[in-house]
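Please read the structure below before turning to the comments.
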Amino acid sequence: VVLDATCIHLGANLGIGGKVVNNRIECPFHGWQFGTDGKCKTIPYADNIPQSAKTNVWHSRKINHQIWLWYDSERRAPTWEVPERIPTHFRFHGLAQHHVACHIQDMPENGPDVAHLGWLHAPFLLSFLPSITHCWSASWEARPVPESHIADLKLQTWLAWRGREIPLTRLNVNILQVGPAIVFLEWNTPFGRIVVNEDVLPIGPQLQRAHNLVYSD
């Protein structure tokens, strides 16, 4: 259950000093307790609780080792779900965080733009080896209703020496674009399966925070 962090009484932050008491969140300022339905259940110094003493409850899910919150400006219920892509036995290996100056729409549009891969990402990482190039092959397709919020990207990448593929460098990656802000990259290695979960969060005008979380079996 996810509630607003602001106590509706005098605005105290329930996330700073608040604590869970009998499955309720207790405000650190006056001890008001709110239930999982958002309604105030207890005021220590009052017998009557106003009907207006309630806070917002957000739709949330525990999926893929994370807590997801559904935000809708009109408070509508979720119209789609995040698919289960990371098994519970997978281990978490760390994350990378980046701040990107762009509109959130620019992030998911980069995925299906497969034409840019061979142009922008062809040069090898080590510039002093110009004879080695990074090669790409990709296809992209949106799923039909009721999974029209998901797109599948099949990606192959390998290294080439003077146009000839270097053995053992080919990598096959399955990518799921879920809604505008969630991506799963999945591939197999000789050591096991790897899943990278990227999520994008708007934190300001034309500013996004991107998380890349790495899991493996």
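Going through the structure tokens in order, the chains are called A, B, and so on, while each chain numbers its residues from 1 and the ligands are numbered from 1 in the order shown.
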All residues 10 Å or closer to region 135-149 of chain A, only C-alpha atoms, same chain fewer than 3 positions away omitted, as a CSV table (one decimal) with N, CA, C and O atoms, in the first residue's frame:
chain,number,residue,atom,x,y,z
A,79,THR,N,-4.6,1.0,-16.4
A,79,THR,CA,-5.1,0.5,-17.6
A,79,THR,C,-4.3,-0.6,-18.2
A,79,THR,O,-4.6,-1.2,-19.2
A,80,TRP,N,-3.1,-0.9,-17.7
A,80,TRP,CA,-2.2,-2.0,-18.1
A,80,TRP,C,-1.3,-2.3,-16.9
A,80,TRP,O,-1.2,-1.6,-15.9
A,81,GLU,N,-0.6,-3.5,-17.0
A,81,GLU,CA,0.2,-4.0,-15.9
A,81,GLU,C,1.6,-4.1,-16.4
A,81,GLU,O,1.9,-4.3,-17.6
A,82,VAL,N,2.6,-4.1,-15.5
A,82,VAL,CA,4.0,-4.3,-15.8
A,82,VAL,C,4.2,-5.9,-15.8
A,82,VAL,O,3.8,-6.5,-14.9
A,111,GLY,N,14.4,3.5,-28.9
A,111,GLY,CA,14.5,2.1,-29.1
A,111,GLY,C,14.1,1.6,-30.5
A,111,GLY,O,14.8,0.9,-31.2
A,112,PRO,N,12.9,2.0,-31.0
A,112,PRO,CA,12.5,1.5,-32.3
A,112,PRO,C,13.2,2.2,-33.5
A,112,PRO,O,13.0,1.8,-34.6
A,113,ASP,N,14.0,3.2,-33.1
A,113,ASP,CA,14.8,3.9,-34.2
A,113,ASP,C,16.0,3.0,-34.5
A,113,ASP,O,17.2,3.4,-34.2
A,114,VAL,N,15.8,1.9,-35.1
A,114,VAL,CA,16.9,0.9,-35.4
A,114,VAL,C,17.8,1.5,-36.5
A,114,VAL,O,19.0,1.0,-36.6
A,115,ALA,N,17.4,2.4,-37.3
A,115,ALA,CA,18.2,2.9,-38.4
A,115,ALA,C,19.5,3.6,-37.8
A,115,ALA,O,20.5,3.7,-38.5
A,116,HIS,N,19.4,4.2,-36.6
A,116,HIS,CA,20.5,4.9,-36.1
A,116,HIS,C,21.7,4.1,-35.6
A,116,HIS,O,22.8,4.5,-35.4
A,117,LEU,N,21.4,2.8,-35.4
A,117,LEU,CA,22.4,1.9,-34.8
A,117,LEU,C,23.6,1.8,-35.6
A,117,LEU,O,24.8,1.9,-35.1
A,118,GLY,N,23.4,1.4,-36.9
A,118,GLY,CA,24.6,1.2,-37.8
A,118,GLY,C,25.3,2.5,-38.1
A,118,GLY,O,26.5,2.5,-38.6
A,119,TRP,N,24.7,3.7,-37.9
A,119,TRP,CA,25.3,4.9,-38.2
A,119,TRP,C,26.0,5.5,-37.0
A,119,TRP,O,27.2,5.9,-37.0
A,121,HIS,N,26.4,4.0,-33.8
A,121,HIS,CA,27.1,3.1,-32.9
A,121,HIS,C,28.0,2.1,-33.6
A,121,HIS,O,28.4,1.1,-33.0
A,122,ALA,N,28.3,2.4,-34.9
A,122,ALA,CA,29.2,1.5,-35.6
A,122,ALA,C,30.7,1.6,-35.1
A,122,ALA,O,31.3,0.5,-35.0
A,123,PRO,N,31.2,2.8,-34.8
A,123,PRO,CA,32.6,2.8,-34.4
A,123,PRO,C,32.9,2.0,-33.2
A,123,PRO,O,32.1,2.0,-32.3
A,124,PHE,N,34.0,1.3,-33.2
A,124,PHE,CA,34.5,0.5,-32.0
A,124,PHE,C,34.8,1.4,-30.9
A,124,PHE,O,35.3,2.5,-31.1
A,132,ILE,N,38.2,-2.4,-36.6
A,132,ILE,CA,37.1,-3.2,-36.0
A,132,ILE,C,35.8,-2.3,-35.9
A,132,ILE,O,35.9,-1.1,-35.5
A,152,ASP,N,8.1,-5.3,-28.9
A,152,ASP,CA,9.2,-6.2,-28.9
A,152,ASP,C,10.3,-5.8,-29.8
A,152,ASP,O,10.0,-5.5,-31.0
A,153,LEU,N,11.5,-5.8,-29.4
A,153,LEU,CA,12.7,-5.4,-30.2
A,153,LEU,C,13.7,-6.6,-30.2
A,153,LEU,O,14.1,-7.0,-29.1
A,154,LYS,N,14.0,-7.2,-31.3
A,154,LYS,CA,14.9,-8.2,-31.4
A,154,LYS,C,16.2,-7.6,-32.0
A,154,LYS,O,16.3,-7.0,-33.1
A,155,LEU,N,17.3,-7.7,-31.2
A,155,LEU,CA,18.5,-7.1,-31.5
A,155,LEU,C,19.7,-8.1,-31.6
A,155,LEU,O,19.8,-8.9,-30.7
A,156,GLN,N,20.5,-8.0,-32.6
A,156,GLN,CA,21.7,-8.7,-32.7
A,156,GLN,C,22.9,-7.7,-32.9
A,156,GLN,O,22.8,-6.8,-33.7
A,157,THR,N,24.0,-8.0,-32.2
A,157,THR,CA,25.1,-7.2,-32.4
A,157,THR,C,26.4,-8.0,-32.4
A,157,THR,O,26.4,-9.1,-31.7
A,158,TRP,N,27.4,-7.6,-33.1
A,158,TRP,CA,28.6,-8.4,-33.2
A,158,TRP,C,29.8,-7.4,-33.7
A,158,TRP,O,29.5,-6.3,-34.1
A,159,LEU,N,31.0,-7.9,-33.5
A,159,LEU,CA,32.2,-7.2,-33.9
A,159,LEU,C,32.7,-7.7,-35.3
A,159,LEU,O,32.6,-8.9,-35.5
A,160,ALA,N,33.2,-6.8,-36.1
A,160,ALA,CA,33.7,-7.3,-37.4
A,160,ALA,C,35.1,-6.7,-37.6
A,160,ALA,O,35.4,-5.5,-37.2
A,163,GLY,N,35.1,-5.9,-42.1
A,163,GLY,CA,33.9,-6.4,-42.7
A,163,GLY,C,33.6,-7.8,-42.4
A,163,GLY,O,32.5,-8.3,-42.7
A,165,GLU,N,32.9,-10.9,-39.7
A,165,GLU,CA,32.5,-11.1,-38.3
A,165,GLU,C,33.6,-11.8,-37.5
A,165,GLU,O,34.1,-12.8,-37.9
A,170,ARG,N,29.0,-12.4,-31.3
A,170,ARG,CA,27.6,-12.1,-31.6
A,170,ARG,C,26.8,-12.2,-30.3
A,170,ARG,O,27.0,-13.2,-29.5
A,171,LEU,N,25.9,-11.3,-30.1
A,171,LEU,CA,25.0,-11.2,-28.9
A,171,LEU,C,23.6,-11.0,-29.4
A,171,LEU,O,23.3,-10.1,-30.2
A,172,ASN,N,22.7,-11.9,-28.9
A,172,ASN,CA,21.3,-11.8,-29.2
A,172,ASN,C,20.5,-11.2,-28.0
A,172,ASN,O,20.6,-11.9,-27.0
A,173,VAL,N,19.9,-10.1,-28.2
A,173,VAL,CA,19.2,-9.4,-27.1
A,173,VAL,C,17.7,-9.3,-27.4
A,173,VAL,O,17.4,-8.8,-28.5
A,174,ASN,N,16.9,-9.7,-26.5
A,174,ASN,CA,15.5,-9.5,-26.6
A,174,ASN,C,15.1,-8.3,-25.7
A,174,ASN,O,15.5,-8.3,-24.5
A,175,ILE,N,14.4,-7.3,-26.3
A,175,ILE,CA,14.1,-6.1,-25.5
A,175,ILE,C,12.6,-5.9,-25.5
A,175,ILE,O,11.9,-6.0,-26.5
A,176,LEU,N,12.1,-5.6,-24.3
A,176,LEU,CA,10.7,-5.2,-24.2
A,176,LEU,C,10.6,-3.8,-23.8
A,176,LEU,O,11.2,-3.3,-22.8
A,177,GLN,N,9.8,-3.0,-24.6
A,177,GLN,CA,9.5,-1.6,-24.2
A,177,GLN,C,8.1,-1.6,-23.7
A,177,GLN,O,7.1,-2.0,-24.3
A,178,VAL,N,7.9,-1.3,-22.4
A,178,VAL,CA,6.6,-1.3,-21.7
A,178,VAL,C,6.2,0.1,-21.4
A,178,VAL,O,6.8,0.7,-20.5
A,179,GLY,N,5.2,0.6,-22.0
A,179,GLY,CA,4.7,1.9,-21.8
A,179,GLY,C,5.8,2.9,-22.2
A,179,GLY,O,6.8,2.5,-22.9
A,180,PRO,N,5.8,4.1,-21.7
A,180,PRO,CA,6.8,5.1,-22.1
A,180,PRO,C,8.1,5.1,-21.3
A,180,PRO,O,9.0,5.7,-21.6
Quiz prompt | Exercise: region 202-210 of chain A partners within 8 Å, only C-alpha atoms, chain neighbours under 4 positions left out, as a list in words | solution =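 Answer for this query is Gln97, His98, His99, Val100, Ala101, Cys102, His103, Ile104 and Glu198 of chain A.
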Quiz item: Which distance in Å separates CA of His93 (chain A) and CA of Leu120 (chain A), to one decimal?
Solution: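 Spanning CA of His93 (chain A) to CA of Leu120 (chain A) is a straight-line distance of 28.8 Å.
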Self-check item: strand (DSSP E or B) call set, DSSP backbone run, chain A, as a ChimeraX atom specification
Solution: /A:2-3,6,13,19-21,24-26,33-34,39-42,54,57-58,60-63,66-69,91-100,123,132-142,150-161,164-165,171-178,182-189,192-204,207-216
Quiz item: So how far away is CA of Trp68 (chain A) from CA of Cys27 (chain A), in Å?
Solution: 23.5 Å
Self-check item: Spatial neighbours of Gly17 (chain A), 8 Å, only C-alpha atoms, chain gap at least 3 places, as a PyMOL selection string
Solution: chain A and resi 13-14+27-28
Restrict the selected residues to N, CA, C and O atoms and save them as a short mmCIF file (atom, residue, chain, number, x, y, z; two decimals), in the first residue's frame.
data_model
loop_
_atom_site.label_atom_id
_atom_site.label_comp_id
_atom_site.auth_asym_id
_atom_site.auth_seq_id
_atom_site.Cartn_x
_atom_site.Cartn_y
_atom_site.Cartn_z
N ASN A 13 5.64 15.17 7.30
CA ASN A 13 6.06 14.13 6.36
C ASN A 13 6.01 12.78 7.05
O ASN A 13 6.79 12.50 7.96
N LEU A 14 5.08 11.92 6.61
CA LEU A 14 4.93 10.61 7.22
C LEU A 14 6.13 9.71 6.96
O LEU A 14 6.34 8.72 7.66
N CYS A 27 1.64 9.28 12.25
CA CYS A 27 2.31 10.56 12.05
C CYS A 27 3.19 10.88 13.26
O CYS A 27 2.75 10.73 14.41
N PRO A 28 4.44 11.31 13.02
CA PRO A 28 5.35 11.60 14.15
C PRO A 28 5.01 12.89 14.88
O PRO A 28 5.55 13.13 15.97
#
